>>> print(open('final.tsv').read())   # TSV, C-alpha atoms
chain	number	residue	atom	x	y	z
A	170	MET	CA	151.74	66.28	53.65
A	171	SER	CA	154.83	67.03	51.61
A	172	VAL	CA	157.82	66.28	53.80
A	173	ASN	CA	156.53	63.34	55.67
A	174	GLY	CA	156.90	60.25	53.64
A	175	GLY	CA	157.64	56.64	54.11
A	176	PHE	CA	157.10	55.37	57.59
A	177	VAL	CA	156.37	58.67	59.21
A	178	ASN	CA	152.99	59.14	57.74
A	179	ASP	CA	151.12	62.14	58.95
A	180	GLY	CA	147.92	60.37	58.41
A	181	GLU	CA	146.56	62.17	55.40
A	182	GLY	CA	147.73	59.70	52.91
A	183	GLY	CA	146.72	56.32	54.14
A	184	GLY	CA	145.98	53.97	56.92
A	185	GLY	CA	148.58	55.46	59.21
A	186	SER	CA	146.27	57.53	61.29
A	187	ALA	CA	143.80	54.75	61.67
A	188	THR	CA	146.46	52.42	62.96
A	189	LYS	CA	147.83	55.03	65.27
A	190	LYS	CA	144.39	55.79	66.54
A	191	ARG	CA	143.65	52.17	67.10
A	192	GLU	CA	146.82	51.77	69.11
A	193	GLN	CA	145.83	54.63	71.33
A	194	VAL	CA	142.56	52.99	72.09
A	195	ARG	CA	143.14	50.41	74.73
A	196	ARG	CA	142.42	46.99	73.41
A	197	VAL	CA	139.09	46.82	75.05
A	198	GLN	CA	137.41	43.68	73.91
A	199	SER	CA	134.18	43.97	75.74
A	200	VAL	CA	131.26	42.11	74.26
A	201	VAL	CA	128.37	44.49	73.82
A	202	PRO	CA	124.78	43.33	73.33
A	203	VAL	CA	123.20	45.29	70.46
A	204	PHE	CA	120.26	45.39	68.11
A	205	ILE	CA	121.38	44.73	64.54
A	206	SER	CA	120.08	48.15	63.48
A	207	TYR	CA	122.72	49.78	65.71
A	208	ILE	CA	125.40	48.17	63.57
A	209	THR	CA	123.84	48.67	60.15
A	210	GLU	CA	123.00	52.32	60.69
A	211	CYS	CA	126.58	53.16	61.65
A	212	SER	CA	128.31	54.59	58.61
A	213	ASP	CA	131.77	54.97	60.15
A	214	GLU	CA	134.54	52.53	59.43
A	215	GLU	CA	134.64	51.51	63.04
A	216	PHE	CA	131.46	50.66	64.90
A	217	THR	CA	130.92	52.80	67.95
A	218	LEU	CA	128.08	53.01	70.39
A	219	TYR	CA	127.84	56.69	71.30
A	220	GLY	CA	131.57	57.07	70.82
A	221	MET	CA	132.48	53.89	72.64
A	222	PRO	CA	134.37	51.65	70.22
A	223	VAL	CA	132.81	48.22	70.02
A	224	GLN	CA	134.71	45.33	68.51
A	225	MET	CA	132.67	42.41	69.69
A	226	VAL	CA	128.93	42.17	69.71
A	227	ASP	CA	126.37	39.81	71.10
A	228	ILE	CA	123.28	39.55	68.92
A	229	ILE	CA	120.24	37.34	69.00
A	230	GLY	CA	118.24	36.89	65.85
A	231	VAL	CA	116.82	34.52	63.33
A	232	LEU	CA	119.17	32.58	61.11
A	233	ARG	CA	118.44	32.98	57.39
A	234	ASN	CA	120.05	31.77	54.17
A	235	PHE	CA	122.49	29.50	55.94
A	236	ASP	CA	124.85	28.47	53.19
A	237	VAL	CA	127.69	26.08	53.94
A	238	GLN	CA	130.66	26.07	51.61
A	239	SER	CA	133.93	24.24	51.77
A	240	THR	CA	135.76	26.60	54.10
A	241	LYS	CA	133.06	28.90	55.38
A	242	ALA	CA	129.39	29.27	56.05
A	243	THR	CA	127.53	32.45	55.27
A	244	CYS	CA	124.18	33.53	56.61
A	245	LEU	CA	121.96	36.44	57.38
A	246	ILE	CA	121.08	37.17	60.99
A	247	GLU	CA	117.79	38.99	61.37
A	248	ASP	CA	116.41	40.43	64.58
A	249	GLN	CA	113.31	42.55	64.83
A	250	SER	CA	115.34	45.69	64.13
A	251	GLY	CA	117.10	44.65	60.92
A	252	SER	CA	119.43	42.10	59.42
A	253	ILE	CA	123.13	41.68	58.82
A	254	GLN	CA	125.34	39.38	56.82
A	255	ALA	CA	127.49	37.04	58.86
A	256	ILE	CA	130.28	34.68	58.05
A	257	LEU	CA	131.61	31.68	59.90
A	258	TRP	CA	134.99	30.32	58.94
A	259	LEU	CA	135.08	26.59	59.24
A	260	GLU	CA	138.21	25.16	60.70
A	261	THR	CA	139.63	22.46	58.56
A	262	ASP	CA	141.52	19.81	60.37
A	263	GLY	CA	143.35	17.96	57.65
A	264	ASP	CA	140.67	16.54	55.41
A	265	SER	CA	137.75	16.71	57.76
A	266	ILE	CA	135.86	19.92	58.34
A	267	SER	CA	134.95	20.68	61.91
A	268	ALA	CA	131.39	19.94	62.85
A	269	LEU	CA	128.90	22.63	61.97
A	270	PRO	CA	127.20	24.35	64.87
A	271	PRO	CA	123.84	22.77	65.73
A	272	VAL	CA	121.79	25.64	64.34
A	273	LYS	CA	118.76	25.52	62.11
A	274	GLU	CA	117.58	27.98	59.51
A	275	ASN	CA	114.65	30.21	60.49
A	276	CYS	CA	115.27	29.61	64.17
A	277	TYR	CA	116.63	31.89	66.85
A	278	VAL	CA	120.40	31.91	67.33
A	279	ARG	CA	122.79	33.85	69.46
A	280	VAL	CA	125.90	35.12	67.75
A	281	PHE	CA	129.05	36.42	69.34
A	282	GLY	CA	131.28	38.00	66.76
A	283	SER	CA	133.42	40.85	65.65
A	284	ILE	CA	132.36	43.51	63.20
A	285	ARG	CA	134.07	43.89	59.85
A	286	THR	CA	133.46	46.42	57.15
A	287	GLN	CA	133.50	45.13	53.61
A	288	ASP	CA	132.69	47.29	50.59
A	289	GLY	CA	131.19	49.86	52.88
A	290	SER	CA	128.76	47.52	54.53
A	291	LYS	CA	129.09	45.93	57.90
A	292	MET	CA	129.21	42.23	58.50
A	293	ILE	CA	129.80	39.90	61.41
A	294	MET	CA	132.65	37.45	61.71
A	295	ILE	CA	131.07	34.75	63.80
A	296	LEU	CA	133.17	33.57	66.72
A	297	LYS	CA	130.42	31.54	68.29
A	298	ILE	CA	126.92	30.73	67.21
A	299	ILE	CA	124.49	28.82	69.39
A	300	PRO	CA	120.81	27.93	69.03
A	301	ILE	CA	118.34	29.61	71.40
A	302	ASP	CA	115.22	27.83	72.50
A	303	ASP	CA	114.56	29.65	75.74
A	304	LEU	CA	112.54	32.83	75.33
A	305	ASN	CA	113.84	34.18	78.65
A	306	VAL	CA	117.28	34.42	77.09
A	307	VAL	CA	115.83	36.59	74.33
A	308	THR	CA	114.11	38.91	76.81
A	309	HIS	CA	117.22	39.14	78.94
A	310	HIS	CA	119.34	39.96	75.92
A	311	ARG	CA	116.95	42.70	74.80
A	312	LEU	CA	116.97	44.24	78.27
A	313	GLN	CA	120.76	44.16	78.22
A	314	ILE	CA	120.74	45.98	74.89
A	315	ILE	CA	118.58	48.76	76.29
A	316	HIS	CA	120.82	48.95	79.33
A	317	ALA	CA	123.99	49.13	77.24
A	318	LYS	CA	122.49	51.79	74.98
A	319	VAL	CA	121.26	54.01	77.79
A	320	TYR	CA	124.53	53.52	79.66
A	321	ALA	CA	126.68	54.41	76.65
A	322	GLU	CA	124.49	57.39	75.91
A	323	LYS	CA	124.83	58.65	79.47
A	324	LEU	CA	128.58	58.19	79.36
A	325	ALA	CA	128.80	60.11	76.10
A	326	THR	CA	126.80	63.03	77.41
A	327	GLY	CA	128.89	63.12	80.55
A	328	GLY	CA	126.00	62.27	82.78
A	329	LEU	CA	126.92	59.99	85.61
A	330	PRO	CA	125.13	56.73	85.05
A	331	ALA	CA	124.32	56.29	88.69
A	332	THR	CA	122.66	59.64	89.16
A	333	GLN	CA	119.33	59.90	87.46
A	334	PRO	CA	118.63	56.88	85.31
A	335	VAL	CA	115.87	56.85	82.75
A	336	ASN	CA	112.67	55.33	84.04
A	337	HIS	CA	114.20	54.53	87.35
A	338	ALA	CA	110.93	53.77	89.04
A	339	ALA	CA	110.07	51.22	86.43
A	340	ALA	CA	113.50	49.68	86.61
A	341	THR	CA	113.28	48.62	90.17
A	342	ASN	CA	111.22	45.53	89.64
A	343	GLY	CA	113.80	42.95	88.90
A	344	THR	CA	116.10	41.58	86.30
A	345	MET	CA	117.65	44.81	85.20
A	346	SER	CA	118.30	48.08	86.86
A	347	PHE	CA	119.30	51.06	84.83
A	348	GLY	CA	121.02	52.89	87.60
A	349	ASP	CA	123.78	50.41	88.13
A	350	ILE	CA	127.29	50.99	87.08
A	351	LYS	CA	128.29	47.50	86.18
A	352	ILE	CA	126.41	45.98	83.33
A	353	ASN	CA	127.15	42.43	84.33
A	354	THR	CA	126.14	42.76	87.92
A	355	PRO	CA	122.81	44.44	87.66
A	356	GLN	CA	121.48	43.94	91.15
A	357	GLU	CA	124.39	45.27	93.11
A	358	ASN	CA	124.42	48.45	95.10
A	359	PRO	CA	127.17	51.02	94.52
A	360	HIS	CA	129.48	49.17	96.92
A	361	GLY	CA	129.16	46.08	94.81
A	362	LEU	CA	127.09	44.18	97.33
A	363	LYS	CA	123.50	43.11	97.53
A	364	PRO	CA	121.55	44.51	100.49
A	365	ILE	CA	121.84	41.35	102.58
A	366	GLN	CA	125.57	41.14	101.88
A	367	ALA	CA	126.03	44.76	102.83
A	368	LYS	CA	124.10	44.23	106.04
A	369	ILE	CA	126.20	41.25	107.09
A	370	MET	CA	129.38	43.13	106.20
A	371	SER	CA	128.37	46.05	108.39
A	372	LEU	CA	127.65	43.63	111.26
A	373	LEU	CA	131.05	42.01	110.84
A	374	LYS	CA	132.85	45.32	110.59
A	375	ASN	CA	131.21	46.76	113.66
A	376	THR	CA	131.82	43.85	115.96
A	377	THR	CA	134.22	44.58	118.80
A	378	ASN	CA	134.86	40.95	119.59
A	379	TYR	CA	138.43	39.89	118.94
A	380	MET	CA	137.26	36.64	117.44
A	381	GLY	CA	134.70	38.29	115.19
A	382	MET	CA	131.10	37.24	115.18
A	383	ALA	CA	129.72	33.77	115.66
A	384	LYS	CA	127.40	32.46	113.01
A	385	SER	CA	124.63	32.13	115.62
A	386	GLU	CA	125.00	35.81	116.52
A	387	ILE	CA	124.74	36.80	112.89
A	388	LEU	CA	121.71	34.59	112.36
A	389	ALA	CA	120.08	36.15	115.41
A	390	GLN	CA	120.13	39.51	113.62
A	391	PHE	CA	117.94	38.16	110.84
A	392	ASP	CA	114.53	36.68	110.53
A	393	SER	CA	114.63	32.91	110.89
A	394	ALA	CA	113.19	32.58	107.39
A	395	GLN	CA	116.34	34.22	106.05
A	396	ALA	CA	118.70	31.78	107.76
A	397	ARG	CA	119.43	29.88	104.60
A	398	GLU	CA	120.11	33.05	102.65
A	399	VAL	CA	122.35	34.35	105.42
A	400	ARG	CA	124.39	31.14	105.40
A	401	ALA	CA	124.76	31.30	101.63
A	402	THR	CA	125.76	34.95	101.84
A	403	LEU	CA	128.40	34.16	104.47
A	404	ASP	CA	129.81	31.50	102.16
A	405	PHE	CA	129.81	34.01	99.36
A	406	LEU	CA	131.59	36.67	101.43
A	407	LEU	CA	134.22	34.10	102.42
A	408	ASP	CA	134.72	32.98	98.84
A	409	GLU	CA	135.07	36.54	97.64
A	410	GLY	CA	137.53	37.42	100.37
A	411	HIS	CA	135.33	40.04	102.01
A	412	ALA	CA	135.32	38.05	105.24
A	413	TYR	CA	137.37	35.32	106.85
A	414	THR	CA	136.90	32.79	109.61
A	415	THR	CA	138.82	33.18	112.84
A	416	CYS	CA	139.15	30.65	115.71
A	417	ASP	CA	136.87	28.13	114.03
A	418	ASN	CA	134.71	27.87	110.97
A	419	ASP	CA	131.77	29.46	112.73
A	420	HIS	CA	133.38	32.79	113.61
A	421	TYR	CA	133.58	35.49	110.98
A	422	LYS	CA	135.45	38.75	110.69
A	423	ALA	CA	135.45	41.34	107.94
A	424	THR	CA	138.57	41.65	105.88
A	425	ASP	CA	140.39	44.93	106.60
A	426	GLY	CA	140.31	47.65	104.08
A	427	PHE	CA	136.96	46.82	102.65
B	1034	MET	CA	118.76	59.22	56.95
B	1035	THR	CA	119.02	55.50	57.06
B	1036	ILE	CA	117.39	53.16	54.69
B	1037	MET	CA	117.31	49.65	55.97
B	1038	SER	CA	119.08	47.66	53.34
B	1039	SER	CA	117.19	44.54	54.20
B	1040	GLY	CA	114.91	43.33	56.91
B	1041	LYS	CA	111.92	45.08	58.34
B	1042	GLN	CA	111.66	46.58	61.76
B	1043	TYR	CA	109.16	45.19	64.18
B	1044	SER	CA	108.33	46.97	67.41
B	1045	ILE	CA	108.40	44.83	70.52
B	1046	VAL	CA	105.04	45.40	72.16
B	1047	ASN	CA	102.66	43.76	74.57
B	1048	GLY	CA	98.87	43.62	74.39
B	1049	ALA	CA	98.19	46.91	76.09
B	1050	GLN	CA	100.49	48.80	73.73
B	1051	LEU	CA	98.98	47.38	70.54
B	1052	PRO	CA	96.35	50.10	70.01
B	1053	SER	CA	99.09	52.64	69.35
B	1054	PHE	CA	100.72	50.34	66.78
B	1055	MET	CA	97.73	49.84	64.53
B	1056	GLY	CA	98.80	49.05	60.98
B	1057	LYS	CA	102.44	48.76	62.00
B	1058	ASN	CA	104.88	45.88	62.18
B	1059	VAL	CA	104.90	44.40	65.63
B	1060	SER	CA	106.53	41.55	67.49
B	1061	VAL	CA	104.30	40.10	70.18
B	1062	ILE	CA	105.04	37.34	72.66
B	1063	GLY	CA	102.27	35.19	74.04
B	1064	VAL	CA	101.22	31.74	75.00
B	1065	VAL	CA	99.02	29.70	72.69
B	1066	ALA	CA	95.72	29.73	74.54
B	1067	LYS	CA	93.69	27.21	72.59
B	1068	TYR	CA	94.72	23.98	71.00
B	1069	ALA	CA	95.56	24.62	67.36
B	1070	SER	CA	96.16	21.63	65.15
B	1071	ALA	CA	98.61	21.44	62.30
B	1072	GLY	CA	97.06	22.95	59.21
B	1073	SER	CA	95.04	25.63	60.94
B	1074	LEU	CA	95.38	29.19	59.79
B	1075	SER	CA	94.50	30.95	62.97
B	1076	LEU	CA	95.65	30.99	66.60
B	1077	THR	CA	94.57	32.56	69.83
B	1078	ILE	CA	97.33	33.73	72.10
B	1079	ASN	CA	97.39	35.36	75.49
B	1080	THR	CA	99.99	38.10	75.59
B	1081	THR	CA	102.41	38.57	78.46
B	1082	ASP	CA	99.99	41.10	79.93
B	1083	ASN	CA	97.06	38.69	79.56
B	1084	ILE	CA	95.29	40.12	76.58
B	1085	ALA	CA	93.79	37.65	74.14
B	1086	LEU	CA	94.79	38.19	70.53
B	1087	THR	CA	93.80	36.47	67.33
B	1088	VAL	CA	96.71	35.61	65.09
B	1089	ASN	CA	95.99	35.00	61.44
B	1090	LEU	CA	98.75	33.07	59.77
B	1091	ASN	CA	99.85	33.41	56.18
B	1092	LYS	CA	100.51	29.70	55.91
B	1093	PRO	CA	99.08	26.70	57.72
B	1094	LEU	CA	100.67	25.59	60.98
B	1095	ASP	CA	103.22	22.85	60.44
B	1096	LYS	CA	102.69	21.35	63.88
B	1097	ASP	CA	100.13	21.23	66.66
B	1098	LEU	CA	100.43	24.07	69.14
B	1099	ASN	CA	98.97	24.27	72.60
B	1100	GLY	CA	100.43	26.13	75.56
B	1101	GLU	CA	103.70	27.00	73.82
B	1102	TYR	CA	105.26	30.40	74.12
B	1103	ILE	CA	105.53	31.94	70.71
B	1104	GLU	CA	106.76	35.15	69.22
B	1105	VAL	CA	104.58	36.44	66.41
B	1106	ARG	CA	105.85	38.96	63.91
B	1107	GLY	CA	103.31	40.67	61.75
B	1108	VAL	CA	101.05	43.62	61.25
B	1109	CYS	CA	98.65	44.76	63.91
B	1110	GLU	CA	95.13	45.03	62.57
B	1111	ASN	CA	91.89	46.02	64.10
B	1112	ALA	CA	88.79	44.17	63.14
B	1113	ARG	CA	85.27	44.18	64.54
B	1114	GLU	CA	85.87	41.35	66.95
B	1115	GLY	CA	88.98	42.78	68.54
B	1116	LYS	CA	92.70	42.76	68.19
B	1117	ILE	CA	94.20	40.82	65.36
B	1118	ILE	CA	97.76	40.20	64.25
B	1119	LYS	CA	98.24	39.35	60.60
B	1120	ALA	CA	101.29	37.20	61.10
B	1121	GLU	CA	104.13	36.92	58.67
B	1122	GLU	CA	105.99	34.51	60.83
B	1123	TYR	CA	105.98	32.93	64.22
B	1124	PHE	CA	108.67	31.29	66.33
B	1125	SER	CA	107.85	28.76	68.99
B	1126	PHE	CA	110.01	28.19	72.06
B	1127	ASN	CA	110.49	25.31	74.46
B	1128	ASN	CA	109.85	27.34	77.56
B	1129	THR	CA	108.05	25.69	80.41
B	1130	SER	CA	108.08	28.98	82.25
B	1131	PHE	CA	108.52	32.47	81.00
B	1132	ASP	CA	109.19	35.66	82.90
B	1133	ALA	CA	106.27	37.66	81.51
B	1134	LYS	CA	106.84	40.50	83.96
B	1135	SER	CA	110.32	41.15	82.61
B	1136	HIS	CA	109.01	41.06	79.09
B	1137	ASN	CA	106.40	43.67	79.98
B	1138	THR	CA	109.17	45.78	81.51
B	1139	LEU	CA	111.12	45.41	78.29
B	1140	CYS	CA	108.10	46.52	76.22
B	1141	LYS	CA	107.75	49.54	78.46
B	1142	PHE	CA	111.41	50.51	78.20
B	1143	VAL	CA	111.91	49.91	74.52
B	1144	ASN	CA	108.92	52.08	73.66
B	1145	SER	CA	109.55	54.81	76.19
B	1146	ILE	CA	113.20	55.63	75.64
B	1147	PRO	CA	113.82	57.80	72.59
B	1148	ASN	CA	114.85	55.79	69.55
B	1149	GLY	CA	114.98	52.39	71.17
B	1150	TYR	CA	116.04	50.72	67.95
B	1151	SER	CA	118.59	53.29	66.99
B	1152	ALA	CA	121.90	54.21	68.52
B	1153	LYS	CA	122.36	57.42	66.59
B	1154	LYS	CA	123.15	60.67	68.24
B	1155	ASN	CA	120.27	63.06	68.05
>>> encode(input="final.tsv", output="structure tokens")
Amino acid sequence: MSVNGGFVNDGEGGGGSATKKREQVRRVQSVVPVFISYITECSDEEFTLYGMPVQMVDIIGVLRNFDVQSTKATCLIEDQSGSIQAILWLETDGDSISALPPVKENCYVRVFGSIRTQDGSKMIMILKIIPIDDLNVVTHHRLQIIHAKVYAEKLATGGLPATQPVNHAAATNGTMSFGDIKINTPQENPHGLKPIQAKIMSLLKNTTNYMGMAKSEILAQFDSAQAREVRATLDFLLDEGHAYTTCDNDHYKATDGF
Amino acid sequence: MTIMSSGKQYSIVNGAQLPSFMGKNVSVIGVVAKYASAGSLSLTINTTDNIALTVNLNKPLDKDLNGEYIEVRGVCENAREGKIIKAEEYFSFNNTSFDAKSHNTLCKFVNSIPNGYSAKKN
């Protein structure tokens, strides 16, 4: 601590180490859905979810004590796990203050924001706040929280998320699957494709025809009730670049290297 | 050791899970089963797993409710006639349809993983 002074701070004496550390961390700005209790119970300067630094959070809760001042609005966001202070800076455009978000006190809101620590307690700098009047959004958000938590926990313990997910049997029934790698694409298989997409891709890849496979041939491989889904999937595979059309718009081939 | 600085914790539960949350703070989602006019102090809701609950409110309803999806936060109580929630607050939503199955899945997950409401390392 003695010789290093000035710019070359060894970290003991100030913010140097924190800055250095922050630079080492890639500027990951993923938005993580959390319960408010996850944030408030974290006593570290920087909020982490099982060691994964989180700068931006997505919370859904009830808006309380909404207090609008000249340059900012303060409020308390309360979900069923706890509550946290939040602040929204109002942009002033000359004399007029930008319109307040259409949110009401004591109603559900969704807040996207970054976490700040002030006087030892955490607060949210609101980047976006929107009213919620669809309960499905609340359920979906809560499922995402559980997914993010279990995923981060698995990552931290070194367990591969795709191996043996918690409650896997229960997870298979729909909106959310715990075994998936990508949080935002919950229903995909490990290759990133839904079952029907994967099936069509394997058909396209295995065709020996120079011109690829005709749409009618592909449709013949499926139940007639699935025709619509197959057509939509073909469009999807084209859009995503997994497949391309050959001699005309009705002949498909798989893109190489997939 | 964490003391919640403000705000209570409510467990997200469905009807079937209520018996194990007797006397505790719960958050229940259900559909208002019987017409309740503004001013009434009690509601009947059907939970996402189709269990009828009586909700006693701490203040009169400020609007008529019938068929709305609501979230009730309060304390689970057991009385002679069955399950009762002593509500501190309720929130009504504009849903015309609600994915009850997913909500039941959520209830199952949140109460079966260790420390659902906490992200602390054990």
>>> closest_atom_pairs(input="final.tsv", of="chain B", to="chain A", cutoff="10 Å", atoms="all atoms listed in the file", output="JSON lines")
{"residue": "B:Met1034", "atom": "CA", "partner": "A:Glu210", "partner_atom": "CA", "distance": 8.9}
{"residue": "B:Thr1035", "atom": "CA", "partner": "A:Glu210", "partner_atom": "CA", "distance": 6.3}
{"residue": "B:Ile1036", "atom": "CA", "partner": "A:Glu210", "partner_atom": "CA", "distance": 8.3}
{"residue": "B:Met1037", "atom": "CA", "partner": "A:Gly251", "partner_atom": "CA", "distance": 7.0}
{"residue": "B:Ser1038", "atom": "CA", "partner": "A:Ser252", "partner_atom": "CA", "distance": 8.2}
{"residue": "B:Ser1039", "atom": "CA", "partner": "A:Ser252", "partner_atom": "CA", "distance": 6.2}
{"residue": "B:Gly1040", "atom": "CA", "partner": "A:Gly251", "partner_atom": "CA", "distance": 4.8}
{"residue": "B:Lys1041", "atom": "CA", "partner": "A:Gly251", "partner_atom": "CA", "distance": 5.8}
{"residue": "B:Gln1042", "atom": "CA", "partner": "A:Ser250", "partner_atom": "CA", "distance": 4.5}
{"residue": "B:Tyr1043", "atom": "CA", "partner": "A:Gln249", "partner_atom": "CA", "distance": 5.0}
{"residue": "B:Ser1044", "atom": "CA", "partner": "A:Gln249", "partner_atom": "CA", "distance": 7.1}
{"residue": "B:Ile1045", "atom": "CA", "partner": "A:Gln249", "partner_atom": "CA", "distance": 7.9}
{"residue": "B:Asn1058", "atom": "CA", "partner": "A:Gln249", "partner_atom": "CA", "distance": 9.4}
{"residue": "B:Val1059", "atom": "CA", "partner": "A:Gln249", "partner_atom": "CA", "distance": 8.6}
{"residue": "B:Ser1060", "atom": "CA", "partner": "A:Gln249", "partner_atom": "CA", "distance": 7.4}
{"residue": "B:Ile1062", "atom": "CA", "partner": "A:Leu304", "partner_atom": "CA", "distance": 9.1}
{"residue": "B:Tyr1102", "atom": "CA", "partner": "A:Leu304", "partner_atom": "CA", "distance": 7.8}
{"residue": "B:Ile1103", "atom": "CA", "partner": "A:Leu304", "partner_atom": "CA", "distance": 8.4}
{"residue": "B:Glu1104", "atom": "CA", "partner": "A:Leu304", "partner_atom": "CA", "distance": 8.7}
{"residue": "B:Arg1106", "atom": "CA", "partner": "A:Gln249", "partner_atom": "CA", "distance": 8.3}
{"residue": "B:Glu1122", "atom": "CA", "partner": "A:Asn275", "partner_atom": "CA", "distance": 9.7}
{"residue": "B:Tyr1123", "atom": "CA", "partner": "A:Asn275", "partner_atom": "CA", "distance": 9.8}
{"residue": "B:Phe1124", "atom": "CA", "partner": "A:Cys276", "partner_atom": "CA", "distance": 7.1}
{"residue": "B:Ser1125", "atom": "CA", "partner": "A:Asp302", "partner_atom": "CA", "distance": 8.2}
{"residue": "B:Phe1126", "atom": "CA", "partner": "A:Asp302", "partner_atom": "CA", "distance": 5.2}
{"residue": "B:Asn1127", "atom": "CA", "partner": "A:Asp302", "partner_atom": "CA", "distance": 5.7}
{"residue": "B:Asn1128", "atom": "CA", "partner": "A:Asp303", "partner_atom": "CA", "distance": 5.6}
{"residue": "B:Thr1129", "atom": "CA", "partner": "A:Asp303", "partner_atom": "CA", "distance": 8.9}
{"residue": "B:Ser1130", "atom": "CA", "partner": "A:Asn305", "partner_atom": "CA", "distance": 8.6}
{"residue": "B:Phe1131", "atom": "CA", "partner": "A:Asn305", "partner_atom": "CA", "distance": 6.1}
{"residue": "B:Asp1132", "atom": "CA", "partner": "A:Asn305", "partner_atom": "CA", "distance": 6.5}
{"residue": "B:Ala1133", "atom": "CA", "partner": "A:Asn305", "partner_atom": "CA", "distance": 8.8}
{"residue": "B:Lys1134", "atom": "CA", "partner": "A:Asn342", "partner_atom": "CA", "distance": 8.8}
{"residue": "B:Ser1135", "atom": "CA", "partner": "A:Thr344", "partner_atom": "CA", "distance": 6.9}
{"residue": "B:His1136", "atom": "CA", "partner": "A:Thr308", "partner_atom": "CA", "distance": 6.0}
{"residue": "B:Asn1137", "atom": "CA", "partner": "A:Thr308", "partner_atom": "CA", "distance": 9.6}
{"residue": "B:Thr1138", "atom": "CA", "partner": "A:Ala339", "partner_atom": "CA", "distance": 7.4}
{"residue": "B:Leu1139", "atom": "CA", "partner": "A:Leu312", "partner_atom": "CA", "distance": 6.0}
{"residue": "B:Cys1140", "atom": "CA", "partner": "A:Leu312", "partner_atom": "CA", "distance": 9.4}
{"residue": "B:Lys1141", "atom": "CA", "partner": "A:Ala339", "partner_atom": "CA", "distance": 8.5}
{"residue": "B:Phe1142", "atom": "CA", "partner": "A:Ile315", "partner_atom": "CA", "distance": 7.6}
{"residue": "B:Val1143", "atom": "CA", "partner": "A:Ile315", "partner_atom": "CA", "distance": 7.0}
{"residue": "B:Ser1145", "atom": "CA", "partner": "A:Asn336", "partner_atom": "CA", "distance": 8.5}
{"residue": "B:Ile1146", "atom": "CA", "partner": "A:Val335", "partner_atom": "CA", "distance": 7.7}
{"residue": "B:Pro1147", "atom": "CA", "partner": "A:Val319", "partner_atom": "CA", "distance": 9.8}
{"residue": "B:Gly1149", "atom": "CA", "partner": "A:Ile315", "partner_atom": "CA", "distance": 7.2}
{"residue": "B:Tyr1150", "atom": "CA", "partner": "A:Ser250", "partner_atom": "CA", "distance": 6.4}
{"residue": "B:Ser1151", "atom": "CA", "partner": "A:Tyr207", "partner_atom": "CA", "distance": 5.6}
{"residue": "B:Ala1152", "atom": "CA", "partner": "A:Tyr207", "partner_atom": "CA", "distance": 5.3}
{"residue": "B:Lys1153", "atom": "CA", "partner": "A:Tyr219", "partner_atom": "CA", "distance": 7.3}
{"residue": "B:Lys1154", "atom": "CA", "partner": "A:Tyr219", "partner_atom": "CA", "distance": 6.9}
>>> residues_around(input="final.tsv", residues="segment 371-380 of chain A", least_positions_apart="6", cutoff="8 Å", atoms="all atoms listed in the file", output="ChimeraX atom specification")
/A:387,415-416,420-423
>>> closest_residue(input="final.tsv", among="B:Glu1110, B:Tyr1068, B:Ser1073, B:Lys1116", to="Thr1087 of chain B", atoms="all atoms listed in the file")
B:Lys1116
>>> residues_around(input="final.tsv", residues="Gly1072 of chain B", least_positions_apart="2", cutoff="8 Å", atoms="only C-alpha atoms", output="number ranges by chain")
B: 1070, 1074, 1093-1096
>>> write_last_selection(input="final.tsv", atoms="C-alpha atoms", output="tab-separated table (two decimals), keeping the file's coordinate frame")
chain	number	residue	atom	x	y	z
B	1070	SER	CA	96.16	21.63	65.15
B	1074	LEU	CA	95.38	29.19	59.79
B	1093	PRO	CA	99.08	26.70	57.72
B	1094	LEU	CA	100.67	25.59	60.98
B	1095	ASP	CA	103.22	22.85	60.44
B	1096	LYS	CA	102.69	21.35	63.88
>>> residues_around(input="final.tsv", residues="Trp258 of chain A", least_positions_apart="4", cutoff="12 Å", atoms="all atoms listed in the file", output="list in words")
Asp236, Val237, Gln238, Ser239, Thr240, Lys241, Ala242, Thr243, Cys244, Ile266, Ser267, Ala268, Leu269, Pro270, Gly282, Ile293, Met294, Ile295, Leu296, Lys297 and Ile298 of chain A
>>> closest_residue(input="final.tsv", among="B:Cys1109, B:Val1065, B:Leu1098, B:Val1046", to="Thr1077 of chain B", atoms="all atoms listed in the file")
B:Val1065
>>> atom_distance(input="final.tsv", atom1="atom CA of Pro364 of chain A", atom2="atom CA of His310 of chain A")
25.1 Å
>>> closest_residue(input="final.tsv", among="A:Asp213, A:Ala367, A:Leu259, A:Asn234", to="Lys291 of chain A", atoms="all atoms listed in the file")
A:Asp213
>>> atom_distance(input="final.tsv", atom1="atom CA of Gly361 of chain A", atom2="atom CA of Ser393 of chain A")
25.4 Å
>>> residues_around(input="final.tsv", residues="Leu1090 of chain B", least_positions_apart="4", cutoff="7 Å", atoms="only C-alpha atoms", output="list in words")
Leu1074, Ser1075, Lys1119, Ala1120 and Glu1121 of chain B
>>> residues_around(input="final.tsv", residues="Val1064 of chain B", least_positions_apart="3", cutoff="6 Å", atoms="only C-alpha atoms", output="list in words")
Ile1078, Asn1079, Gly1100, Glu1101 and Tyr1102 of chain B
>>> write_last_selection(input="final.tsv", atoms="C-alpha atoms", output="compact mmCIF listing (two decimals), in the coordinates of the input")
# COMPACT_ATOMS: atom_id res chain seq x y z
CA ILE B 1078 97.33 33.73 72.10
CA ASN B 1079 97.39 35.36 75.49
CA GLY B 1100 100.43 26.13 75.56
CA GLU B 1101 103.70 27.00 73.82
CA TYR B 1102 105.26 30.40 74.12
>>> atom_distance(input="final.tsv", atom1="atom CA of Pro202 of chain A", atom2="atom CA of Val272 of chain A")
20.1 Å
